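Colleague: mmCIF, C-alpha atoms, saved as structure.cif, coming up:
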```cif
data_upload
#
loop_
_atom_site.group_PDB
_atom_site.id
_atom_site.type_symbol
_atom_site.label_atom_id
_atom_site.label_comp_id
_atom_site.auth_asym_id
_atom_site.auth_seq_id
_atom_site.Cartn_x
_atom_site.Cartn_y
_atom_site.Cartn_z
ATOM 1 C CA MET A 1 0.000 0.000 0.000
ATOM 2 C CA SER A 2 1.357 3.415 -0.951
ATOM 3 C CA ILE A 3 1.561 6.281 1.515
ATOM 4 C CA GLN A 4 -1.542 8.471 1.457
ATOM 5 C CA PHE A 5 -2.205 11.880 3.045
ATOM 6 C CA ARG A 6 -5.694 12.956 4.122
ATOM 7 C CA PRO A 7 -5.844 16.703 4.823
ATOM 8 C CA ILE A 8 -7.243 17.604 8.249
ATOM 9 C CA THR A 9 -7.972 21.288 7.582
ATOM 10 C CA PRO A 10 -7.717 23.345 4.386
ATOM 11 C CA ILE A 11 -4.530 24.967 5.727
ATOM 12 C CA ILE A 12 -2.638 22.663 8.072
ATOM 13 C CA GLY A 13 -2.220 19.009 8.896
ATOM 14 C CA ALA A 14 -2.772 15.602 7.297
ATOM 15 C CA GLU A 15 -3.392 12.087 8.568
ATOM 16 C CA VAL A 16 -1.078 9.455 7.116
ATOM 17 C CA ASP A 17 -2.026 5.994 5.892
ATOM 18 C CA GLY A 18 0.059 3.277 4.284
ATOM 19 C CA VAL A 19 3.119 3.189 6.527
ATOM 20 C CA ASP A 20 3.837 0.882 9.472
ATOM 21 C CA LEU A 21 6.160 2.620 11.940
ATOM 22 C CA ARG A 22 7.170 -0.753 13.385
ATOM 23 C CA GLU A 23 8.979 -1.503 10.120
ATOM 24 C CA PRO A 24 12.147 0.170 8.797
ATOM 25 C CA LEU A 25 11.409 3.203 6.640
ATOM 26 C CA THR A 26 12.776 2.961 3.099
ATOM 27 C CA PRO A 27 14.512 5.961 1.476
ATOM 28 C CA ALA A 28 11.593 6.277 -0.953
ATOM 29 C CA GLN A 29 9.107 6.373 1.920
ATOM 30 C CA ALA A 30 11.241 8.938 3.726
ATOM 31 C CA ASP A 31 11.184 11.163 0.634
ATOM 32 C CA ILE A 32 7.378 10.961 0.521
ATOM 33 C CA ILE A 33 7.106 11.908 4.189
ATOM 34 C CA HIS A 34 9.468 14.853 3.726
ATOM 35 C CA ALA A 35 7.301 16.030 0.823
ATOM 36 C CA GLY A 36 4.211 15.636 3.013
ATOM 37 C CA MET A 37 5.822 17.736 5.724
ATOM 38 C CA ASP A 38 6.691 20.458 3.207
ATOM 39 C CA ARG A 39 3.048 20.577 2.117
ATOM 40 C CA TYR A 40 1.053 19.986 5.313
ATOM 41 C CA ALA A 41 3.509 21.028 8.092
ATOM 42 C CA VAL A 42 1.898 18.556 10.549
ATOM 43 C CA LEU A 43 1.502 14.794 9.961
ATOM 44 C CA VAL A 44 -0.582 12.503 12.183
ATOM 45 C CA PHE A 45 -0.010 8.754 12.468
ATOM 46 C CA HIS A 46 -2.803 6.945 14.369
ATOM 47 C CA ASN A 47 -2.737 3.551 16.082
ATOM 48 C CA GLU A 48 1.029 3.093 16.136
ATOM 49 C CA PRO A 49 1.833 1.068 19.303
ATOM 50 C CA ILE A 50 5.571 1.363 18.811
ATOM 51 C CA THR A 51 8.486 1.036 21.199
ATOM 52 C CA ASN A 52 11.049 3.700 22.036
ATOM 53 C CA GLU A 53 13.485 1.887 19.737
ATOM 54 C CA GLN A 54 11.032 1.924 16.812
ATOM 55 C CA HIS A 55 10.225 5.576 17.476
ATOM 56 C CA MET A 56 13.931 6.357 17.343
ATOM 57 C CA ALA A 57 14.507 4.293 14.177
ATOM 58 C CA PHE A 58 11.699 6.149 12.399
ATOM 59 C CA THR A 59 13.183 9.474 13.484
ATOM 60 C CA LEU A 60 16.709 8.640 12.320
ATOM 61 C CA ALA A 61 15.399 7.545 8.931
ATOM 62 C CA LEU A 62 14.270 11.154 8.451
ATOM 63 C CA GLY A 63 17.327 12.995 9.776
ATOM 64 C CA ALA A 64 19.966 13.402 12.436
ATOM 65 C CA LEU A 65 18.963 13.997 16.047
ATOM 66 C CA GLU A 66 19.264 17.337 17.725
ATOM 67 C CA THR A 67 21.756 16.808 20.539
ATOM 68 C CA THR A 68 22.018 20.135 22.377
ATOM 69 C CA GLN A 69 20.383 21.043 25.702
ATOM 70 C CA LYS A 70 17.593 18.471 26.098
ATOM 71 C CA ASN A 71 15.525 17.906 29.253
ATOM 72 C CA ALA A 72 17.016 21.025 30.815
ATOM 73 C CA MET A 73 15.312 20.846 34.207
ATOM 74 C CA ARG A 74 15.433 17.042 34.491
ATOM 75 C CA SER A 75 19.173 17.006 33.827
ATOM 76 C CA SER A 76 19.875 19.280 36.785
ATOM 77 C CA THR A 77 18.472 16.646 39.174
ATOM 78 C CA GLY A 78 19.090 13.437 37.219
ATOM 79 C CA ASP A 79 15.314 12.929 36.968
ATOM 80 C CA TYR A 80 15.337 10.711 33.872
ATOM 81 C CA ARG A 81 12.635 8.218 32.872
ATOM 82 C CA LEU A 82 13.731 7.794 29.260
ATOM 83 C CA PRO A 83 16.962 7.478 27.287
ATOM 84 C CA GLU A 84 18.686 10.859 27.043
ATOM 85 C CA SER A 85 18.125 10.840 23.261
ATOM 86 C CA PHE A 86 14.430 11.541 23.990
ATOM 87 C CA ASN A 87 12.862 14.780 25.152
ATOM 88 C CA ASP A 88 10.667 13.729 28.058
ATOM 89 C CA VAL A 89 7.794 16.202 27.905
ATOM 90 C CA SER A 90 5.527 14.193 30.199
ATOM 91 C CA ASN A 91 4.386 15.329 33.627
ATOM 92 C CA LEU A 92 5.946 12.248 35.245
ATOM 93 C CA ASP A 93 8.971 11.874 37.493
ATOM 94 C CA ARG A 94 11.525 9.057 37.371
ATOM 95 C CA ASN A 95 9.064 6.821 39.278
ATOM 96 C CA ASN A 96 6.298 7.472 36.711
ATOM 97 C CA LYS A 97 4.320 9.556 39.200
ATOM 98 C CA PRO A 98 2.816 12.952 38.278
ATOM 99 C CA TYR A 99 4.812 15.867 39.628
ATOM 100 C CA ALA A 100 3.375 17.788 42.560
ATOM 101 C CA ARG A 101 1.682 21.028 41.537
ATOM 102 C CA ASP A 102 4.483 23.108 43.091
ATOM 103 C CA ASP A 103 7.377 21.042 41.705
ATOM 104 C CA ARG A 104 9.896 23.313 39.954
ATOM 105 C CA LYS A 105 10.188 20.997 36.961
ATOM 106 C CA ARG A 106 6.417 21.021 36.466
ATOM 107 C CA LEU A 107 6.189 24.797 36.746
ATOM 108 C CA PHE A 108 8.949 25.215 34.175
ATOM 109 C CA ALA A 109 7.310 22.684 31.843
ATOM 110 C CA ILE A 110 3.879 24.309 31.823
ATOM 111 C CA GLY A 111 5.508 27.158 29.917
ATOM 112 C CA ASN A 112 4.886 24.858 26.947
ATOM 113 C CA ARG A 113 1.268 25.997 27.112
ATOM 114 C CA LEU A 114 2.474 29.220 25.485
ATOM 115 C CA TRP A 115 2.702 29.318 21.693
ATOM 116 C CA HIS A 116 6.265 28.407 20.745
ATOM 117 C CA SER A 117 8.553 26.739 18.222
ATOM 118 C CA ASP A 118 10.804 23.976 19.537
ATOM 119 C CA SER A 119 14.426 24.995 20.020
ATOM 120 C CA SER A 120 14.002 28.521 18.697
ATOM 121 C CA PHE A 121 16.155 29.436 21.725
ATOM 122 C CA LYS A 122 19.093 27.483 20.253
ATOM 123 C CA VAL A 123 21.590 28.875 17.748
ATOM 124 C CA ILE A 124 20.500 26.209 15.262
ATOM 125 C CA PRO A 125 16.758 25.698 15.783
ATOM 126 C CA ALA A 126 15.040 22.349 15.286
ATOM 127 C CA LYS A 127 13.703 20.984 12.002
ATOM 128 C CA TYR A 128 11.096 18.354 12.949
ATOM 129 C CA SER A 129 9.604 17.256 16.263
ATOM 130 C CA LEU A 130 8.030 13.792 16.606
ATOM 131 C CA LEU A 131 5.777 13.370 19.651
ATOM 132 C CA ARG A 132 4.259 10.033 20.662
ATOM 133 C CA ALA A 133 1.472 9.470 23.192
ATOM 134 C CA VAL A 134 1.813 6.497 25.547
ATOM 135 C CA ARG A 135 -0.719 7.532 28.221
ATOM 136 C CA THR A 136 -3.249 10.339 27.981
ATOM 137 C CA PRO A 137 -5.356 12.093 30.622
ATOM 138 C CA SER A 138 -9.124 11.713 30.837
ATOM 139 C CA ARG A 139 -9.642 15.197 29.427
ATOM 140 C CA GLY A 140 -7.619 18.093 28.047
ATOM 141 C CA GLY A 141 -3.984 17.894 27.020
ATOM 142 C CA ASN A 142 -4.569 18.667 23.344
ATOM 143 C CA THR A 143 -1.739 20.110 21.266
ATOM 144 C CA GLU A 144 -2.562 23.021 18.966
ATOM 145 C CA PHE A 145 -0.567 23.869 15.841
ATOM 146 C CA ALA A 146 -0.547 27.147 13.890
ATOM 147 C CA HIS A 147 0.667 27.451 10.293
ATOM 148 C CA MET A 148 3.091 30.348 10.154
ATOM 149 C CA GLY A 149 3.354 30.360 6.365
ATOM 150 C CA ALA A 150 -0.387 30.890 6.029
ATOM 151 C CA ALA A 151 -0.176 33.566 8.725
ATOM 152 C CA TYR A 152 2.567 35.375 6.810
ATOM 153 C CA ASP A 153 0.617 35.222 3.553
ATOM 154 C CA ALA A 154 -2.371 36.880 5.254
ATOM 155 C CA LEU A 155 -0.349 39.893 6.486
ATOM 156 C CA ASP A 156 -0.779 43.219 4.716
ATOM 157 C CA GLU A 157 2.106 44.399 2.547
ATOM 158 C CA ASP A 158 3.159 47.192 4.914
ATOM 159 C CA THR A 159 3.606 44.682 7.752
ATOM 160 C CA LYS A 160 5.532 42.292 5.520
ATOM 161 C CA THR A 161 7.889 45.116 4.563
ATOM 162 C CA LEU A 162 8.277 46.167 8.211
ATOM 163 C CA ILE A 163 9.182 42.718 9.549
ATOM 164 C CA GLU A 164 11.291 41.411 6.646
ATOM 165 C CA PRO A 165 14.681 42.644 7.983
ATOM 166 C CA LEU A 166 14.016 42.174 11.703
ATOM 167 C CA ILE A 167 16.071 39.975 14.023
ATOM 168 C CA CYS A 168 14.686 38.740 17.350
ATOM 169 C CA GLU A 169 16.381 37.393 20.447
ATOM 170 C CA HIS A 170 14.997 34.104 21.785
ATOM 171 C CA SER A 171 15.475 32.553 25.221
ATOM 172 C CA GLN A 172 13.579 30.354 27.643
ATOM 173 C CA LEU A 173 14.237 33.125 30.152
ATOM 174 C CA PHE A 174 11.763 35.251 28.163
ATOM 175 C CA SER A 175 9.042 32.623 27.834
ATOM 176 C CA ARG A 176 9.166 31.564 31.483
ATOM 177 C CA ASP A 177 9.096 35.177 32.638
ATOM 178 C CA LEU A 178 5.703 35.462 30.908
ATOM 179 C CA ILE A 179 4.228 32.921 33.341
ATOM 180 C CA GLY A 180 6.067 34.304 36.383
ATOM 181 C CA PHE A 181 8.839 31.666 36.516
ATOM 182 C CA ARG A 182 11.886 33.803 37.291
ATOM 183 C CA GLU A 183 13.954 31.873 39.830
ATOM 184 C CA PHE A 184 16.902 30.699 37.726
ATOM 185 C CA THR A 185 20.353 29.746 38.925
ATOM 186 C CA ASP A 186 23.393 31.596 37.593
ATOM 187 C CA GLU A 187 24.310 28.470 35.601
ATOM 188 C CA GLU A 188 20.828 28.343 34.044
ATOM 189 C CA ARG A 189 20.982 32.012 33.089
ATOM 190 C CA VAL A 190 24.220 31.344 31.225
ATOM 191 C CA ARG A 191 22.798 28.206 29.589
ATOM 192 C CA PHE A 192 19.648 30.060 28.498
ATOM 193 C CA ALA A 193 21.468 33.106 27.128
ATOM 194 C CA PRO A 194 19.512 34.684 24.235
ATOM 195 C CA VAL A 195 20.214 33.727 20.617
ATOM 196 C CA ARG A 196 19.258 35.614 17.466
ATOM 197 C CA GLN A 197 16.732 34.419 14.881
ATOM 198 C CA ARG A 198 15.132 36.083 11.888
ATOM 199 C CA LEU A 199 11.521 37.165 12.211
ATOM 200 C CA VAL A 200 10.845 36.139 8.603
ATOM 201 C CA ARG A 201 12.337 32.948 7.233
ATOM 202 C CA THR A 202 12.042 31.053 3.955
ATOM 203 C CA HIS A 203 11.326 27.330 4.003
ATOM 204 C CA PRO A 204 14.005 25.460 2.016
ATOM 205 C CA GLY A 205 11.609 22.701 0.916
ATOM 206 C CA ASN A 206 8.716 24.729 -0.483
ATOM 207 C CA GLY A 207 10.168 28.231 -0.849
ATOM 208 C CA ARG A 208 7.395 29.730 1.261
ATOM 209 C CA LYS A 209 7.996 32.604 3.648
ATOM 210 C CA SER A 210 6.738 32.379 7.224
ATOM 211 C CA VAL A 211 6.774 34.570 10.287
ATOM 212 C CA TYR A 212 9.065 32.943 12.849
ATOM 213 C CA LEU A 213 7.421 33.535 16.194
ATOM 214 C CA SER A 214 7.679 31.931 19.616
ATOM 215 C CA SER A 215 7.017 32.803 23.235
ATOM 216 C CA HIS A 216 10.814 32.526 23.536
ATOM 217 C CA ALA A 217 11.155 35.696 21.403
ATOM 218 C CA GLY A 218 11.517 38.556 23.868
ATOM 219 C CA THR A 219 13.221 41.391 22.016
ATOM 220 C CA ILE A 220 13.807 42.770 18.533
ATOM 221 C CA VAL A 221 17.348 43.910 17.862
ATOM 222 C CA GLY A 222 17.510 47.707 17.595
ATOM 223 C CA TRP A 223 13.967 48.265 18.918
ATOM 224 C CA GLN A 224 12.839 49.645 22.227
ATOM 225 C CA LEU A 225 11.475 46.834 24.355
ATOM 226 C CA PRO A 226 7.845 48.031 24.743
ATOM 227 C CA GLU A 227 7.427 48.500 20.995
ATOM 228 C CA ALA A 228 9.101 45.167 20.245
ATOM 229 C CA ARG A 229 6.886 43.272 22.688
ATOM 230 C CA LEU A 230 3.742 44.859 21.279
ATOM 231 C CA LEU A 231 4.655 43.956 17.690
ATOM 232 C CA LEU A 232 5.434 40.368 18.667
ATOM 233 C CA ARG A 233 2.130 40.130 20.560
ATOM 234 C CA ASP A 234 0.174 41.517 17.610
ATOM 235 C CA LEU A 235 1.852 39.084 15.225
ATOM 236 C CA THR A 236 1.172 36.149 17.543
ATOM 237 C CA GLU A 237 -2.498 37.076 17.871
ATOM 238 C CA HIS A 238 -2.719 37.268 14.084
ATOM 239 C CA ALA A 239 -0.885 33.973 13.516
ATOM 240 C CA THR A 240 -2.994 31.962 15.971
ATOM 241 C CA GLN A 241 -6.414 32.812 14.589
ATOM 242 C CA ARG A 242 -8.573 29.706 14.363
ATOM 243 C CA GLU A 243 -8.358 29.505 10.569
ATOM 244 C CA PHE A 244 -4.612 28.833 10.844
ATOM 245 C CA VAL A 245 -4.837 26.308 13.712
ATOM 246 C CA TYR A 246 -5.307 22.546 14.054
ATOM 247 C CA SER A 247 -5.993 21.111 17.532
ATOM 248 C CA HIS A 248 -4.929 17.491 18.009
ATOM 249 C CA LYS A 249 -6.828 15.412 20.561
ATOM 250 C CA TRP A 250 -4.392 12.706 21.651
ATOM 251 C CA ARG A 251 -5.070 9.000 21.848
ATOM 252 C CA PRO A 252 -2.539 6.404 23.030
ATOM 253 C CA GLY A 253 -0.596 5.209 20.016
ATOM 254 C CA ASP A 254 -0.724 8.535 18.166
ATOM 255 C CA LEU A 255 2.520 9.927 16.760
ATOM 256 C CA VAL A 256 2.426 13.503 15.499
ATOM 257 C CA MET A 257 5.321 15.153 13.724
ATOM 258 C CA TRP A 258 5.560 18.801 12.857
ATOM 259 C CA ASP A 259 7.884 21.137 11.020
ATOM 260 C CA ASN A 260 9.200 23.791 13.399
ATOM 261 C CA ARG A 261 10.307 25.876 10.418
ATOM 262 C CA GLN A 262 6.683 26.641 9.505
ATOM 263 C CA THR A 263 4.610 26.058 12.655
ATOM 264 C CA MET A 264 4.110 27.147 16.239
ATOM 265 C CA HIS A 265 2.392 24.921 18.768
ATOM 266 C CA ARG A 266 1.226 24.837 22.364
ATOM 267 C CA GLY A 267 -0.028 22.255 24.858
ATOM 268 C CA ARG A 268 -3.369 22.676 26.590
ATOM 269 C CA PRO A 269 -4.156 22.125 30.290
ATOM 270 C CA PHE A 270 -5.207 18.773 31.731
ATOM 271 C CA PRO A 271 -5.808 17.428 35.274
ATOM 272 C CA PRO A 272 -2.401 17.721 36.973
ATOM 273 C CA GLU A 273 -2.900 14.583 39.050
ATOM 274 C CA GLU A 274 -3.345 12.449 35.916
ATOM 275 C CA ALA A 275 -0.531 11.020 33.779
ATOM 276 C CA ARG A 276 0.256 12.496 30.384
ATOM 277 C CA ASP A 277 3.104 10.362 29.066
ATOM 278 C CA VAL A 278 4.329 11.855 25.782
ATOM 279 C CA ARG A 279 7.799 11.311 24.364
ATOM 280 C CA ARG A 280 9.535 13.448 21.771
ATOM 281 C CA THR A 281 12.425 13.054 19.418
ATOM 282 C CA THR A 282 13.762 16.110 17.638
ATOM 283 C CA ILE A 283 15.501 16.317 14.279
ATOM 284 C CA ALA A 284 18.247 18.900 14.030
ATOM 285 C CA GLY A 285 18.102 21.961 11.828
ATOM 286 C CA HIS A 286 20.894 22.771 9.412
ATOM 287 C CA ALA A 287 22.047 26.322 10.174
ATOM 288 C CA PRO A 288 21.200 29.496 12.083
ATOM 289 C CA THR A 289 18.246 31.287 10.495
ATOM 290 C CA VAL A 290 20.303 34.349 9.582
ATOM 291 C CA GLU A 291 22.676 32.165 7.559
ATOM 292 C CA GLN A 292 19.758 30.273 6.027
ATOM 293 C CA GLN A 293 18.144 33.474 4.844
ATOM 294 C CA GLU A 294 21.403 34.756 3.363
ATOM 295 C CA ALA A 295 21.816 31.463 1.474
ATOM 296 C CA VAL A 296 18.291 31.716 0.030
ATOM 297 C CA ALA A 297 18.928 35.274 -1.111
ATOM 298 C CA ALA A 298 22.299 34.488 -2.727
#
```
Using structure tokens, write down the structure that the file contains.
Modeller:
Amino acid sequence: MSIQFRPITPIIGAEVDGVDLREPLTPAQADIIHAGMDRYAVLVFHNEPITNEQHMAFTLALGALETTQKNAMRSSTGDYRLPESFNDVSNLDRNNKPYARDDRKRLFAIGNRLWHSDSSFKVIPAKYSLLRAVRTPSRGGNTEFAHMGAAYDALDEDTKTLIEPLICEHSQLFSRDLIGFREFTDEERVRFAPVRQRLVRTHPGNGRKSVYLSSHAGTIVGWQLPEARLLLRDLTEHATQREFVYSHKWRPGDLVMWDNRQTMHRGRPFPPEEARDVRRTTIAGHAPTVEQQEAVAA
């Protein structure tokens, strides 16, 4: 059976049929999935009861792993449930128990309920994220995705001209400050030092421009802070209108992969005493966005 894509919305997302993630992915299949990502930005695989090893094999068939700064808060206490090659974005401690409501690791992690792009706070931001659900809560816990290419296309020409040359600084210090998480160690402040990313980037696979936003973006280089924050807020409100958004309701066995180069996403609340066991692998990007944009323009 050949791989088939069934669009979820007119703008973003497709469900995938015709591939068994328990089996090795062929190069031809990988090419089809890459093409699907270029077109739909989010791909959903249902009913895939795979192991960590099969999840990893599928990921590596599509690209090299991102290796920098994973599980930041877990690493400081050795609170690992999974191999270090995975991003553990569950609400569970090393004993598979939900974190207490006041646990520092939980409070840091709920910053993922803000709209963001994975690893935008790293010099080389991520390409794909692949998230798999093992256990899901009784209600809530959806993940919402916004298509940033469609959002860019819908901007007026004056705004496109204004934002085209702009460079932002991204850091988890900025995003966590938005929810009142400000108690960082000196070592964490060094580790989370801001990095620069373009506000407009061009996707190398489809040539489409998108607005590169994230809650991690806290300043615009050369702008006064109040004006920068207001522009970023206005752009985020524009980009997350319902017409640009797909909300995924998780079921155990779902694997969802998304292209961080043309999406933002956020998690939604769920009962904190219930388990939400979701495990992510992340495929590395190729270059800083400033260098990528210069290469496209050359």
Colleague: Would you kindly translate the PyMOL selection byres ((chain A and resi 189) around 12) into the concrete residues it picks from this file, as a PyMOL selection string?
Modeller: chain A and resi 72+171-174+176+182-188+190-194
Colleague: Please write as a VMD selection string the full residue list that the PyMOL selection byres ((chain A and resi 211) around 10) yields on this file.
Modeller: chain A and resid 147 to 153 155 160 163 to 164 198 to 202 209 to 210 212 to 214 235 to 236 239 261 to 264
Colleague: Can you pull out every residue within 7 Å of region 127-142 of chain A, counting all atoms listed in the file, but drop anything in the same chain fewer than 3 positions away, and send it as a PyMOL selection string?
Modeller: chain A and resi 247-261+267-270+274-285
Colleague: Once the PyMOL selection byres ((chain A and resi 7) around 12) has been applied to the shown file, what residues remain in the selection, as a PyMOL selection string?
Modeller: chain A and resi 4-6+8-17+36-37+39-44+246
Colleague: Between A:Asp20, A:Asp31, A:Glu66, A:Glu144, single out the one closest to Arg113 (chain A), counting only C-alpha atoms.
Modeller: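 Closest residue, counting only C-alpha atoms: A:Glu144.
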Colleague: Go ahead and compute the interatomic distance for CA of Asn112 (chain A) and CA of Asn91 (chain A), in Å to one decimal.
Modeller: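 Rounded to one decimal, the two atoms are 11.6 Å apart.
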Colleague: For Val221 (chain A), work out the shell of residues within 8 Å, counting only C-alpha atoms and skipping chain neighbours fewer than 4 positions away, then give it as a PyMOL selection string.
Modeller: chain A and resi 166-169
Colleague: Nearest to Leu60 (chain A): which of A:Thr77, A:Thr26, A:Asn87, A:Asn47 is it, counting all atoms listed in the file?
Modeller: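 Distance minimum relative to Leu60 (chain A) lands on A:Thr26.
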Colleague: Name all residues at most 9 Å from Arg229 (chain A) (count only C-alpha atoms; drop same-chain ones fewer than 2 positions away) and give them as a list in words.
Modeller: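 Surrounding residues, per the criterion: Ala217, Gly218, Thr219, Ile220, Gln224, Leu225, Pro226, Glu227, Leu231, Leu232, Arg233 and Asp234 of chain A.
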Colleague: Around all of region 265-271 of chain A's listed atoms, make the axis-aligned box with 3 Å on each side and tell me centre and edge lengths in Å to one decimal, as JSON.
Modeller:
```
{"center_x": -1.7, "center_y": 21.2, "center_z": 27.0, "size_x": 14.2, "size_y": 13.5, "size_z": 22.5}
```
Colleague: Give me, please, the distance in Å between CA of Lys122 (chain A) and CA of Ser75 (chain A), quoted to one decimal.
Modeller: 17.1 Å
